[in-house]
Each structure stands twice: as C-alpha cells, then as structure tokens.
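Enquirer: entry_17.cif (mmCIF, C-alpha atoms) pasted underneath:
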```
data_input
#
loop_
_atom_site.group_PDB
_atom_site.id
_atom_site.type_symbol
_atom_site.label_atom_id
_atom_site.label_comp_id
_atom_site.auth_asym_id
_atom_site.auth_seq_id
_atom_site.Cartn_x
_atom_site.Cartn_y
_atom_site.Cartn_z
ATOM 1 C CA MET A 1 141.869 -39.821 -87.252
ATOM 2 C CA ARG A 2 138.841 -40.016 -84.983
ATOM 3 C CA LYS A 3 137.323 -42.795 -87.123
ATOM 4 C CA ARG A 4 140.515 -44.779 -86.905
ATOM 5 C CA GLN A 5 140.506 -44.581 -83.083
ATOM 6 C CA ARG A 6 136.903 -45.823 -83.003
ATOM 7 C CA LEU A 7 137.775 -48.723 -85.306
ATOM 8 C CA VAL A 8 140.721 -49.678 -83.113
ATOM 9 C CA ILE A 9 138.539 -49.553 -79.988
ATOM 10 C CA VAL A 10 135.789 -51.619 -81.664
ATOM 11 C CA PHE A 11 138.379 -54.123 -82.879
ATOM 12 C CA ILE A 12 139.897 -54.440 -79.391
ATOM 13 C CA LEU A 13 136.432 -54.894 -77.862
ATOM 14 C CA LEU A 14 135.578 -57.600 -80.402
ATOM 15 C CA VAL A 15 138.854 -59.420 -79.731
ATOM 16 C CA MET A 16 138.196 -59.224 -75.977
ATOM 17 C CA LEU A 17 134.653 -60.529 -76.464
ATOM 18 C CA VAL A 18 135.808 -63.466 -78.611
ATOM 19 C CA CYS A 19 138.645 -64.296 -76.207
ATOM 20 C CA GLY A 20 136.264 -64.082 -73.258
ATOM 21 C CA GLY A 21 133.782 -66.404 -74.954
ATOM 22 C CA LEU A 22 136.475 -68.913 -75.866
ATOM 23 C CA GLY A 23 137.924 -68.717 -72.364
ATOM 24 C CA PHE A 24 134.522 -69.282 -70.761
ATOM 25 C CA GLY A 25 133.769 -72.180 -73.119
ATOM 26 C CA GLY A 26 137.148 -73.750 -72.455
ATOM 27 C CA TRP A 27 136.749 -73.339 -68.696
ATOM 28 C CA THR A 28 133.290 -74.917 -68.823
ATOM 29 C CA VAL A 29 134.604 -77.954 -70.705
ATOM 30 C CA VAL A 30 137.518 -78.346 -68.270
ATOM 31 C CA VAL A 31 135.200 -78.117 -65.265
ATOM 32 C CA ASN A 32 132.833 -80.668 -66.797
ATOM 33 C CA VAL A 33 135.676 -83.065 -67.570
ATOM 34 C CA PHE A 34 137.423 -82.988 -64.212
ATOM 35 C CA GLN A 35 134.463 -82.726 -61.815
ATOM 36 C CA SER A 36 132.188 -85.628 -61.053
ATOM 37 C CA ALA A 37 128.447 -85.383 -61.612
ATOM 38 C CA GLY A 38 127.609 -86.737 -58.160
ATOM 39 C CA PRO A 39 128.890 -86.684 -54.600
ATOM 40 C CA PRO A 40 131.477 -89.141 -53.282
ATOM 41 C CA GLY A 41 129.892 -92.482 -52.504
ATOM 42 C CA SER A 42 127.313 -92.279 -55.294
ATOM 43 C CA PRO A 43 125.961 -95.760 -56.104
ATOM 44 C CA THR A 44 127.602 -97.820 -58.802
ATOM 45 C CA VAL A 45 125.407 -98.871 -61.713
ATOM 46 C CA GLN A 46 125.984 -101.270 -64.581
ATOM 47 C CA PHE A 47 126.304 -99.060 -67.644
ATOM 48 C CA VAL A 48 125.651 -100.974 -70.861
ATOM 49 C CA ILE A 49 127.549 -100.217 -74.071
ATOM 50 C CA LYS A 50 125.923 -101.830 -77.084
ATOM 51 C CA ASP A 51 127.849 -103.220 -80.022
ATOM 52 C CA GLY A 52 128.460 -100.481 -82.610
ATOM 53 C CA GLU A 53 127.530 -97.639 -80.272
ATOM 54 C CA THR A 54 129.481 -94.395 -80.805
ATOM 55 C CA THR A 55 131.074 -92.250 -78.117
ATOM 56 C CA ALA A 56 128.483 -89.567 -78.914
ATOM 57 C CA GLN A 57 125.663 -92.010 -78.110
ATOM 58 C CA ILE A 58 127.479 -93.234 -74.998
ATOM 59 C CA GLY A 59 128.066 -89.664 -73.809
ATOM 60 C CA ASP A 60 124.403 -88.769 -74.329
ATOM 61 C CA GLU A 61 123.303 -91.835 -72.355
ATOM 62 C CA LEU A 62 125.814 -91.183 -69.546
ATOM 63 C CA GLN A 63 124.479 -87.626 -69.251
ATOM 64 C CA ALA A 64 120.842 -88.795 -69.374
ATOM 65 C CA GLN A 65 121.542 -91.195 -66.494
ATOM 66 C CA GLY A 66 123.219 -88.418 -64.474
ATOM 67 C CA LEU A 67 126.624 -90.118 -64.519
ATOM 68 C CA ILE A 68 128.408 -87.171 -66.207
ATOM 69 C CA ARG A 69 127.677 -83.462 -66.458
ATOM 70 C CA ASN A 70 128.278 -82.895 -70.163
ATOM 71 C CA SER A 71 128.248 -85.304 -73.097
ATOM 72 C CA LEU A 72 130.360 -82.969 -75.265
ATOM 73 C CA ALA A 73 133.116 -82.979 -72.651
ATOM 74 C CA PHE A 74 132.906 -86.800 -72.611
ATOM 75 C CA ARG A 75 133.199 -86.995 -76.408
ATOM 76 C CA LEU A 76 136.213 -84.666 -76.449
ATOM 77 C CA TRP A 77 138.010 -86.612 -73.709
ATOM 78 C CA ALA A 78 137.091 -89.972 -75.267
ATOM 79 C CA ARG A 79 138.483 -88.837 -78.622
ATOM 80 C CA TYR A 80 141.663 -87.576 -76.940
ATOM 81 C CA LYS A 81 142.155 -90.966 -75.225
ATOM 82 C CA GLY A 82 141.317 -93.008 -78.368
ATOM 83 C CA LEU A 83 138.213 -94.668 -76.907
ATOM 84 C CA ASP A 84 136.555 -94.904 -80.357
ATOM 85 C CA ARG A 85 139.138 -97.404 -81.577
ATOM 86 C CA ARG A 86 139.296 -99.609 -78.468
ATOM 87 C CA LEU A 87 135.732 -99.694 -77.173
ATOM 88 C CA GLN A 88 134.298 -103.064 -76.215
ATOM 89 C CA ALA A 89 130.561 -103.692 -75.860
ATOM 90 C CA GLY A 90 129.295 -104.927 -72.496
ATOM 91 C CA ALA A 91 128.264 -103.753 -69.028
ATOM 92 C CA TYR A 92 130.684 -101.680 -66.950
ATOM 93 C CA PRO A 93 130.458 -100.542 -63.309
ATOM 94 C CA VAL A 94 130.146 -96.725 -63.339
ATOM 95 C CA SER A 95 129.339 -94.225 -60.604
ATOM 96 C CA ALA A 96 128.367 -90.538 -60.708
ATOM 97 C CA SER A 97 131.192 -89.933 -58.214
ATOM 98 C CA LYS A 98 133.704 -90.661 -61.011
ATOM 99 C CA THR A 99 135.107 -87.976 -63.304
ATOM 100 C CA ILE A 100 135.013 -88.299 -67.086
ATOM 101 C CA PRO A 101 138.693 -89.378 -67.226
ATOM 102 C CA ASP A 102 137.931 -92.071 -64.619
ATOM 103 C CA ILE A 103 134.942 -93.348 -66.614
ATOM 104 C CA VAL A 104 136.892 -93.389 -69.884
ATOM 105 C CA ASP A 105 139.693 -95.297 -68.129
ATOM 106 C CA ILE A 106 137.134 -97.864 -66.907
ATOM 107 C CA PHE A 107 135.890 -98.325 -70.479
ATOM 108 C CA LEU A 108 139.461 -98.643 -71.775
ATOM 109 C CA SER A 109 141.042 -100.869 -69.154
ATOM 110 C CA ALA A 110 138.314 -102.948 -67.543
ATOM 111 C CA SER A 111 136.758 -106.001 -69.064
ATOM 112 C CA PRO A 112 133.000 -105.717 -69.128
ATOM 113 C CA SER A 113 131.317 -107.553 -66.260
ATOM 114 C CA GLU A 114 128.706 -108.759 -68.735
ATOM 115 C CA PHE A 115 128.675 -109.096 -72.480
ATOM 116 C CA TRP A 116 126.433 -110.645 -75.061
ATOM 117 C CA VAL A 117 127.109 -113.568 -77.301
ATOM 118 C CA ARG A 118 125.193 -114.870 -80.275
ATOM 119 C CA VAL A 119 124.757 -118.608 -80.558
ATOM 120 C CA PRO A 120 123.800 -119.768 -84.041
ATOM 121 C CA ASP A 121 120.865 -122.163 -84.227
ATOM 122 C CA GLY A 122 121.719 -125.817 -84.455
ATOM 123 C CA LEU A 123 124.963 -125.840 -82.460
ATOM 124 C CA ARG A 124 125.408 -128.624 -79.936
ATOM 125 C CA VAL A 125 126.291 -127.836 -76.328
ATOM 126 C CA TRP A 126 129.918 -128.927 -76.762
ATOM 127 C CA GLN A 127 130.209 -126.701 -79.887
ATOM 128 C CA ILE A 128 128.895 -123.724 -77.932
ATOM 129 C CA ALA A 129 131.366 -124.500 -75.124
ATOM 130 C CA ALA A 130 134.214 -124.636 -77.645
ATOM 131 C CA ARG A 131 133.214 -121.223 -79.065
ATOM 132 C CA PHE A 132 133.051 -119.667 -75.603
ATOM 133 C CA ALA A 133 136.408 -121.197 -74.639
ATOM 134 C CA SER A 134 138.047 -119.682 -77.710
ATOM 135 C CA THR A 135 137.014 -116.100 -76.868
ATOM 136 C CA THR A 136 139.492 -113.828 -75.124
ATOM 137 C CA GLU A 137 136.773 -112.194 -73.015
ATOM 138 C CA LEU A 138 135.930 -115.349 -71.025
ATOM 139 C CA ILE A 139 139.196 -115.758 -69.180
ATOM 140 C CA LYS A 140 137.965 -118.188 -66.492
ATOM 141 C CA PHE A 141 135.568 -120.141 -68.712
ATOM 142 C CA LYS A 142 135.691 -123.917 -68.281
ATOM 143 C CA SER A 143 134.103 -125.959 -71.058
ATOM 144 C CA ASP A 144 133.459 -129.074 -68.958
ATOM 145 C CA GLU A 145 131.603 -127.088 -66.275
ATOM 146 C CA PHE A 146 129.497 -125.337 -68.910
ATOM 147 C CA VAL A 147 128.551 -128.639 -70.567
ATOM 148 C CA GLN A 148 127.654 -130.182 -67.190
ATOM 149 C CA ILE A 149 125.403 -127.248 -66.258
ATOM 150 C CA ALA A 150 123.778 -127.173 -69.716
ATOM 151 C CA GLN A 151 123.052 -130.907 -69.644
ATOM 152 C CA ASN A 152 122.097 -131.359 -65.980
ATOM 153 C CA GLY A 153 120.861 -127.948 -64.915
ATOM 154 C CA SER A 154 123.362 -127.961 -62.046
ATOM 155 C CA TYR A 155 127.065 -128.264 -61.418
ATOM 156 C CA THR A 156 128.927 -130.359 -58.865
ATOM 157 C CA ASP A 157 132.365 -129.058 -57.976
ATOM 158 C CA ALA A 158 134.759 -132.025 -57.917
ATOM 159 C CA ALA A 159 137.047 -130.402 -55.325
ATOM 160 C CA THR A 160 134.366 -129.584 -52.749
ATOM 161 C CA GLY A 161 131.529 -131.904 -53.753
ATOM 162 C CA LYS A 162 129.201 -128.888 -53.575
ATOM 163 C CA THR A 163 126.288 -128.805 -56.066
ATOM 164 C CA VAL A 164 125.298 -125.464 -57.512
#
```
The structure given in the file should be rewritten as structure tokens.

Expert:
Amino acid sequence: MRKRQRLVIVFILLVMLVCGGLGFGGWTVVVNVFQSAGPPGSPTVQFVIKDGETTAQIGDELQAQGLIRNSLAFRLWARYKGLDRRLQAGAYPVSASKTIPDIVDIFLSASPSEFWVRVPDGLRVWQIAARFASTTELIKFKSDEFVQIAQNGSYTDAATGKTV
C-alpha cells in the first residue's frame, strides 16, 4: 500500500510538472505574439520579403532585425492566419512597435511599396510598358508616361506642364 501511495504522488507531481511546463510555454508564446518588440513610436523600416521565402525565414529575419520578439511565435501566428498561401514578395513598412498580428496583417492586406520585376533581354520599351500595365500590382501605372521617361529621361505632365 505504501508503494502505491508513492506512485500516485510521483504521478501527480509529474502531471503537475508537465502541465506547468506546457502552461509556461503557452504563456510565453502568447506574450511574444501580442506584445510588440519595441516601444510605441519605433521607426518604420522597409522589410523586404524575397520571392520564395518561407514564413520561417521571414520570422528569423524579423527577429534578427529586432522587429519581433520570437520567430516561433511569428511562424505559429502566420500559419494560423494562412500567410504561407497568400504571401507576396516585396518591401513592406514594418515597425518594432507593431505586434505579430499587426505585422502579419500588413503582409496579408497591404500591397508592397516596392517589388521586383524581371525584364527579359531584347524587349522594346513599349513591350516592357505593356507587361507592367498588365500586372495587378501596378495599379497606377501609365504606359505612356513610362515610355516617355524611358525615351527622354524625363517626364512632362500634360496637365501642369511640369517636367520631372
């Protein structure tokens, strides 16, 4: 009977230890997800996501730049929100004063402020303009302005007469 009591006590202690560890781990992840890495008013930087980059790589880079506290918490939240399937390469404005949910929402909802295009060799300026005009990312792109700048090195706005 005495052995049985000891086994029950050891079992209860092990269960408490496991539950405590899981609780602490869960609390740490929650704190890392919902607290920003920096103080309010932290500067905004252009965070670059490369084509084909995974959320694990993005989380590691965000943590290395001090924009988030924990890359694992970022990966878990990004997976929960489906970021892997809807991620678009480009540069996004991110601040350390943002929480992980805020940063993931920026990646999901904002269009990148910069993105890269590949122009095959041998295309003429008007062909390049046509390719850019057909992309969904360049909402305000105007082919005629692009061609004028590419050919002349400057652009004259017809409405204002101002040369840029």

Enquirer: Hey, what comes out of the PyMOL selection byres ((chain A and resi 82-87) around 7) on this file? Could you write it as an mmCIF file with C-alpha atoms, keeping the file's coordinate frame?

Expert:
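Below is the file that was written, result_3.cif:
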```cif
data_model
loop_
_atom_site.group_PDB
_atom_site.id
_atom_site.type_symbol
_atom_site.label_atom_id
_atom_site.label_comp_id
_atom_site.auth_asym_id
_atom_site.auth_seq_id
_atom_site.Cartn_x
_atom_site.Cartn_y
_atom_site.Cartn_z
ATOM 1 C CA THR A 55 131.074 -92.250 -78.117
ATOM 2 C CA ALA A 78 137.091 -89.972 -75.267
ATOM 3 C CA ARG A 79 138.483 -88.837 -78.622
ATOM 4 C CA TYR A 80 141.663 -87.576 -76.940
ATOM 5 C CA LYS A 81 142.155 -90.966 -75.225
ATOM 6 C CA GLN A 88 134.298 -103.064 -76.215
ATOM 7 C CA ALA A 89 130.561 -103.692 -75.860
ATOM 8 C CA PHE A 107 135.890 -98.325 -70.479
ATOM 9 C CA LEU A 108 139.461 -98.643 -71.775
#
```

Enquirer: Using all atoms listed in the file, determine which residues lie at most 6 Å from region 56-69 of chain A, disregarding the query and same-chain residues fewer than 4 positions distant; provide the list as a VMD selection string.

Expert: chain A and resid 32 37 74 to 75 96

Enquirer: Would you write out, as a VMD selection string, every residue that the PyMOL selection byres ((chain A and resi 97) around 12) captures in this file?

Expert: chain A and resid 34 to 45 66 to 69 93 to 96 98 to 103

Enquirer: Record the distance separating CA of Arg118 (chain A) and CA of Val147 (chain A), expressed in Å with one decimal.

Expert: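 These atoms are spaced 17.2 Å apart.
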
Enquirer: What is the CA of Asn152 (chain A)-CA of Gly90 (chain A) distance in Å, reported with one decimal?

Expert: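 Pair CA of Asn152 (chain A) / CA of Gly90 (chain A) returns 28.2 Å.
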